file data.csv (CSV, C-alpha atoms)
chain,number,residue,atom,x,y,z
E,1,MET,CA,240.4,-41.9,276.6
E,2,PRO,CA,238.5,-38.6,277.0
E,3,PHE,CA,237.7,-38.3,273.2
E,4,THR,CA,235.5,-41.4,273.4
E,5,CYS,CA,233.4,-40.0,276.2
E,6,GLU,CA,229.8,-39.9,275.2
E,7,ASP,CA,229.2,-36.9,277.5
E,8,HIS,CA,229.5,-33.7,275.4
E,9,PHE,CA,230.1,-31.5,278.4
E,10,THR,CA,233.2,-33.6,279.4
E,11,LEU,CA,234.4,-33.6,275.8
E,12,SER,CA,234.0,-29.8,275.7
E,13,GLN,CA,236.0,-29.4,279.0
E,14,THR,CA,238.8,-31.7,277.6
E,15,LEU,CA,239.1,-29.6,274.4
E,16,ASP,CA,239.1,-26.4,276.4
E,17,ALA,CA,242.2,-27.5,278.2
E,18,VAL,CA,244.1,-27.4,274.9
E,19,ALA,CA,245.6,-24.1,273.7
E,20,VAL,CA,245.3,-25.1,270.0
E,21,PRO,CA,242.0,-24.4,268.2
E,22,MET,CA,240.0,-27.7,268.3
E,23,PHE,CA,236.5,-28.8,267.5
E,24,ALA,CA,234.4,-32.0,267.5
E,25,ALA,CA,231.8,-33.2,265.1
E,26,GLU,CA,229.9,-36.4,265.0
E,27,ARG,CA,227.2,-38.4,263.2
E,28,ASP,CA,224.9,-41.1,264.3
E,29,SER,CA,225.6,-43.5,261.4
E,30,LYS,CA,227.5,-43.7,258.2
E,31,THR,CA,224.5,-42.4,256.2
E,32,ASP,CA,223.8,-39.4,258.4
E,33,PRO,CA,225.5,-36.0,258.0
E,34,PHE,CA,228.0,-34.7,260.5
E,35,TYR,CA,227.0,-32.1,263.0
E,36,PHE,CA,229.1,-30.0,265.4
E,37,VAL,CA,229.3,-30.9,269.1
E,38,CYS,CA,231.7,-28.1,270.4
E,39,VAL,CA,234.7,-25.9,269.8
E,40,ASN,CA,237.3,-24.9,272.4
E,41,GLY,CA,238.1,-21.5,273.6
E,42,ALA,CA,241.2,-21.2,271.3
E,43,HIS,CA,239.0,-21.9,268.3
E,44,SER,CA,236.4,-19.4,269.4
E,45,GLU,CA,239.1,-16.7,269.7
E,46,LYS,CA,240.3,-17.3,266.2
E,47,THR,CA,237.0,-17.7,264.4
E,48,GLY,CA,234.3,-16.0,266.6
E,49,LEU,CA,232.3,-19.2,266.5
E,50,ARG,CA,231.1,-20.4,269.9
E,51,THR,CA,229.9,-23.8,271.0
E,52,GLU,CA,226.4,-22.3,271.8
E,53,PHE,CA,226.1,-21.2,268.2
E,54,ILE,CA,227.3,-24.3,266.4
E,55,ARG,CA,226.1,-27.1,268.7
E,56,ASN,CA,224.0,-29.6,266.7
E,57,LYS,CA,224.4,-27.6,263.5
E,58,ARG,CA,225.8,-28.8,260.2
E,59,PRO,CA,228.6,-26.9,258.4
E,60,SER,CA,225.9,-25.8,255.8
E,61,ASP,CA,224.0,-24.0,258.6
E,62,PHE,CA,226.7,-21.3,258.9
E,63,LEU,CA,229.2,-21.7,256.0
E,64,SER,CA,228.7,-20.8,252.4
E,65,PRO,CA,227.4,-23.7,250.3
E,66,GLN,CA,230.9,-24.1,248.7
E,67,ASP,CA,232.8,-24.1,251.9
E,68,ALA,CA,230.2,-26.3,253.6
E,69,ALA,CA,230.4,-28.9,250.8
E,70,LYS,CA,234.2,-29.0,251.1
E,71,VAL,CA,234.2,-29.3,254.9
E,72,GLU,CA,231.6,-32.0,254.9
E,73,GLN,CA,233.5,-33.9,252.2
E,74,HIS,CA,236.7,-33.8,254.3
E,75,TYR,CA,234.8,-35.2,257.3
E,76,ILE,CA,233.3,-38.0,255.2
E,77,ASP,CA,236.8,-38.8,253.7
E,78,CYS,CA,238.2,-39.0,257.2
E,79,ALA,CA,235.4,-41.3,258.4
E,80,GLU,CA,235.9,-43.6,255.4
E,81,ALA,CA,239.7,-43.6,255.1
E,82,GLY,CA,240.5,-42.8,258.8
E,83,PRO,CA,242.2,-42.6,261.2
E,84,VAL,CA,243.9,-39.2,260.5
E,85,THR,CA,243.5,-36.7,257.7
E,86,ASN,CA,245.4,-33.5,257.1
E,87,TYR,CA,244.7,-30.7,254.6
E,88,GLU,CA,244.8,-27.0,254.0
E,89,GLU,CA,241.7,-25.0,253.4
E,90,ARG,CA,240.5,-21.5,252.9
E,91,LEU,CA,237.2,-20.6,254.6
E,92,VAL,CA,235.0,-17.5,255.1
E,93,LEU,CA,234.1,-17.4,258.8
E,94,ASN,CA,232.0,-14.5,260.0
E,95,GLY,CA,232.7,-12.6,256.8
E,96,CYS,CA,236.5,-13.0,257.0
E,97,VAL,CA,238.7,-15.1,254.7
E,98,SER,CA,241.1,-17.3,256.7
E,99,ASN,CA,243.5,-20.1,255.8
E,100,TRP,CA,243.8,-23.2,257.9
E,101,ASN,CA,245.9,-26.3,258.3
E,102,THR,CA,243.4,-28.8,259.6
E,103,THR,CA,243.9,-32.3,261.0
E,104,LEU,CA,241.0,-34.6,261.6
E,105,GLN,CA,241.1,-37.7,263.7
E,106,LEU,CA,238.3,-40.3,263.6
E,107,VAL,CA,237.1,-41.6,266.9
E,108,ALA,CA,234.6,-44.6,267.1
E,109,LEU,CA,232.3,-44.2,270.0
E,110,PRO,CA,231.0,-47.1,272.1
E,111,SER,CA,227.4,-46.2,270.9
E,112,GLY,CA,228.5,-46.7,267.3
E,113,ARG,CA,228.4,-43.0,266.4
E,114,GLN,CA,231.4,-41.6,264.6
E,115,ARG,CA,233.2,-38.6,266.0
E,116,ILE,CA,235.8,-36.3,264.3
E,117,ILE,CA,238.2,-34.5,266.6
E,118,GLY,CA,239.8,-31.6,264.6
E,119,THR,CA,242.7,-29.3,265.2
E,120,ALA,CA,242.8,-26.1,263.1
E,121,ILE,CA,246.0,-24.0,262.9
E,122,GLU,CA,245.4,-20.7,261.2
E,123,ILE,CA,248.0,-20.0,258.4
E,124,GLU,CA,248.9,-16.4,258.5
E,125,ARG,CA,249.4,-15.2,254.9
E,126,PRO,CA,250.7,-11.7,254.4
E,127,PRO,CA,248.5,-9.6,252.2
E,128,MET,CA,251.4,-9.2,249.7
E,129,LEU,CA,251.3,-13.0,249.0
E,130,GLU,CA,247.6,-13.0,248.2
E,131,THR,CA,248.3,-10.0,245.9
E,132,LEU,CA,251.0,-11.9,244.2
E,133,GLU,CA,248.8,-14.9,243.7
E,134,ASP,CA,246.1,-12.7,242.2
E,135,ALA,CA,248.7,-11.1,239.9
E,136,ALA,CA,249.9,-14.5,238.8
E,137,TYR,CA,246.4,-15.6,238.0
E,138,TYR,CA,245.6,-12.5,235.9
E,139,SER,CA,249.0,-12.7,234.2
E,140,ALA,CA,248.2,-16.3,233.1
E,141,LEU,CA,244.7,-15.3,232.0
E,142,ALA,CA,246.2,-12.4,229.9
E,143,GLN,CA,248.8,-14.7,228.4
E,144,MET,CA,246.0,-17.1,227.4
E,145,GLN,CA,244.0,-14.3,225.7
E,146,VAL,CA,247.1,-13.0,223.9
E,147,GLY,CA,247.6,-16.6,222.6
E,148,LYS,CA,244.1,-16.6,221.3
E,149,LEU,CA,244.6,-13.3,219.6
E,150,GLN,CA,247.8,-14.5,217.9
E,151,GLN,CA,246.0,-17.5,216.6
E,152,PHE,CA,243.2,-15.4,215.2
E,153,PHE,CA,245.8,-13.1,213.4
E,154,ARG,CA,247.5,-16.2,211.9
E,155,VAL,CA,244.1,-17.4,210.6
E,156,VAL,CA,243.2,-14.0,209.1
E,157,GLU,CA,246.7,-13.7,207.6
E,158,ASN,CA,246.4,-16.9,205.7
E,159,ARG,CA,242.9,-16.3,204.3
E,160,GLN,CA,242.5,-16.0,200.6
E,161,ASP,CA,239.9,-13.2,200.6
call {"tool": "encode", "arguments": {"input": "data.csv", "output": "C-alpha cells"}}
result
Amino acid sequence: MPFTCEDHFTLSQTLDAVAVPMFAAERDSKTDPFYFVCVNGAHSEKTGLRTEFIRNKRPSDFLSPQDAAKVEQHYIDCAEAGPVTNYEERLVLNGCVSNWNTTLQLVALPSGRQRIIGTAIEIERPPMLETLEDAAYYSALAQMQVGKLQQFFRVVENRQD
C-alpha cells in the first residue's frame, strides 16, 4: 500500500495524484508530537501551504495557538481511537478563515511510527450564513441581558425602602 511507504518522496507523489486536498503527518512514537510530511497540490491550491513550508513542522509552527491545539488533539484522538476520524473545523490559514470537513486515517508504519493521512474538503459557506450566525449569537446575548434587567427590576420593585 502506498500510504505505508517509508519514503516521503513516494508518499508525496502518491498524494499529488489525487484531486482532493490531502496531507500527511506523522510521529515517531505515541509520546511525540505530530509533524507534517507533505501536502498535495490540491491542498496547496486551497490553502496556500506548500510541502516545502510545512515539512517537519508541527501545526503550532504556522497556526494560531487555538487552531493548533484543536488540530493536534484531532490527530491524537485519531491515533488513539483509529482507524478513521471525521470532523468539521474552522481554521485561519494565511490570514483567511476557512471551514473544512476533514477525514483522518491512521496508518501504522513498519518502523513503528504513526502516520495520519488526511483529506480536507473546504466547506463553502456563503457570507450571508455567517452574518446570520452572528445575528443569532448577538440576539441570544441581548435576550440574556434583557432577562437580567427584568430580574433586577423585580428585585427593586419588591424592596421595602
call {"tool": "closest_residue", "arguments": {"input": "data.csv", "among": "E:Val146, E:Cys38, E:Val107, E:Leu91", "to": "Phe3 of chain E", "atoms": "all atoms listed in the file"}}
result
E:Val107
call {"tool": "residues_near_point", "arguments": {"input": "data.csv", "point": "(229.1, -38.8, 265.7)", "cutoff": "8 Å", "atoms": "only C-alpha atoms", "output": "PyMOL selection string"}}
result
chain E and resi 25-29+34-35+109+113-116
call {"tool": "closest_residue", "arguments": {"input": "data.csv", "among": "E:Met22, E:Ala81, E:Met144, E:Leu11", "to": "Asn101 of chain E", "atoms": "all atoms listed in the file"}}
result
E:Met22
call {"tool": "atom_distance", "arguments": {"input": "data.csv", "atom1": "atom CA of Asp16 of chain E", "atom2": "atom CA of Gly41 of chain E"}}
result
5.7 Å
call {"tool": "residues_around", "arguments": {"input": "data.csv", "residues": "Ile54 of chain E", "least_positions_apart": "6", "cutoff": "12 Å", "atoms": "only C-alpha atoms", "output": "PyMOL selection string"}}
result
chain E and resi 23-25+34-40+44+47-48+60-63
call {"tool": "closest_residue", "arguments": {"input": "data.csv", "among": "E:Glu88, E:Asp134, E:Glu52, E:Asp32", "to": "Ala120 of chain E", "atoms": "only C-alpha atoms"}}
result
E:Glu88
call {"tool": "decode", "arguments": {"input": "data.csv", "residues": "segment 50-62 of chain E", "atoms": "N, CA, C and O atoms", "output": "compact mmCIF listing (two decimals), in the first residue's frame"}}
result
# COMPACT_ATOMS: atom_id res chain seq x y z
N ARG E 50 2.50 25.01 1.20
CA ARG E 50 3.24 24.12 0.32
C ARG E 50 4.07 23.16 1.17
O ARG E 50 4.46 23.48 2.30
N THR E 51 4.35 22.00 0.61
CA THR E 51 5.14 20.99 1.32
C THR E 51 6.45 21.57 1.82
O THR E 51 6.86 21.31 2.96
N GLU E 52 7.11 22.38 1.00
CA GLU E 52 8.40 22.94 1.39
C GLU E 52 8.28 23.80 2.66
O GLU E 52 9.23 23.90 3.42
N PHE E 53 7.12 24.40 2.86
CA PHE E 53 6.91 25.26 4.02
C PHE E 53 6.55 24.47 5.27
O PHE E 53 6.97 24.82 6.37
N ILE E 54 5.79 23.41 5.12
CA ILE E 54 5.28 22.70 6.31
C ILE E 54 6.07 21.45 6.68
O ILE E 54 5.89 20.93 7.77
N ARG E 55 6.91 20.95 5.78
CA ARG E 55 7.64 19.70 6.06
C ARG E 55 8.39 19.80 7.38
O ARG E 55 9.07 20.79 7.66
N ASN E 56 8.21 18.78 8.21
CA ASN E 56 8.84 18.66 9.53
C ASN E 56 8.42 19.75 10.52
O ASN E 56 9.11 19.99 11.50
N LYS E 57 7.29 20.39 10.27
CA LYS E 57 6.77 21.38 11.20
C LYS E 57 5.52 20.85 11.89
O LYS E 57 4.76 20.08 11.32
N ARG E 58 5.33 21.31 13.11
CA ARG E 58 4.12 21.00 13.86
C ARG E 58 3.04 22.01 13.50
O ARG E 58 3.35 23.11 13.03
N PRO E 59 1.77 21.67 13.75
CA PRO E 59 0.70 22.66 13.49
C PRO E 59 0.94 23.98 14.22
O PRO E 59 0.63 25.05 13.69
N SER E 60 1.53 23.93 15.40
CA SER E 60 1.77 25.15 16.17
C SER E 60 2.82 26.05 15.54
O SER E 60 2.96 27.21 15.93
N ASP E 61 3.55 25.55 14.55
CA ASP E 61 4.56 26.37 13.88
C ASP E 61 3.96 27.34 12.88
O ASP E 61 4.63 28.29 12.47
N PHE E 62 2.70 27.12 12.46
CA PHE E 62 2.11 28.05 11.49
C PHE E 62 0.63 28.31 11.69
O PHE E 62 0.03 29.06 10.93
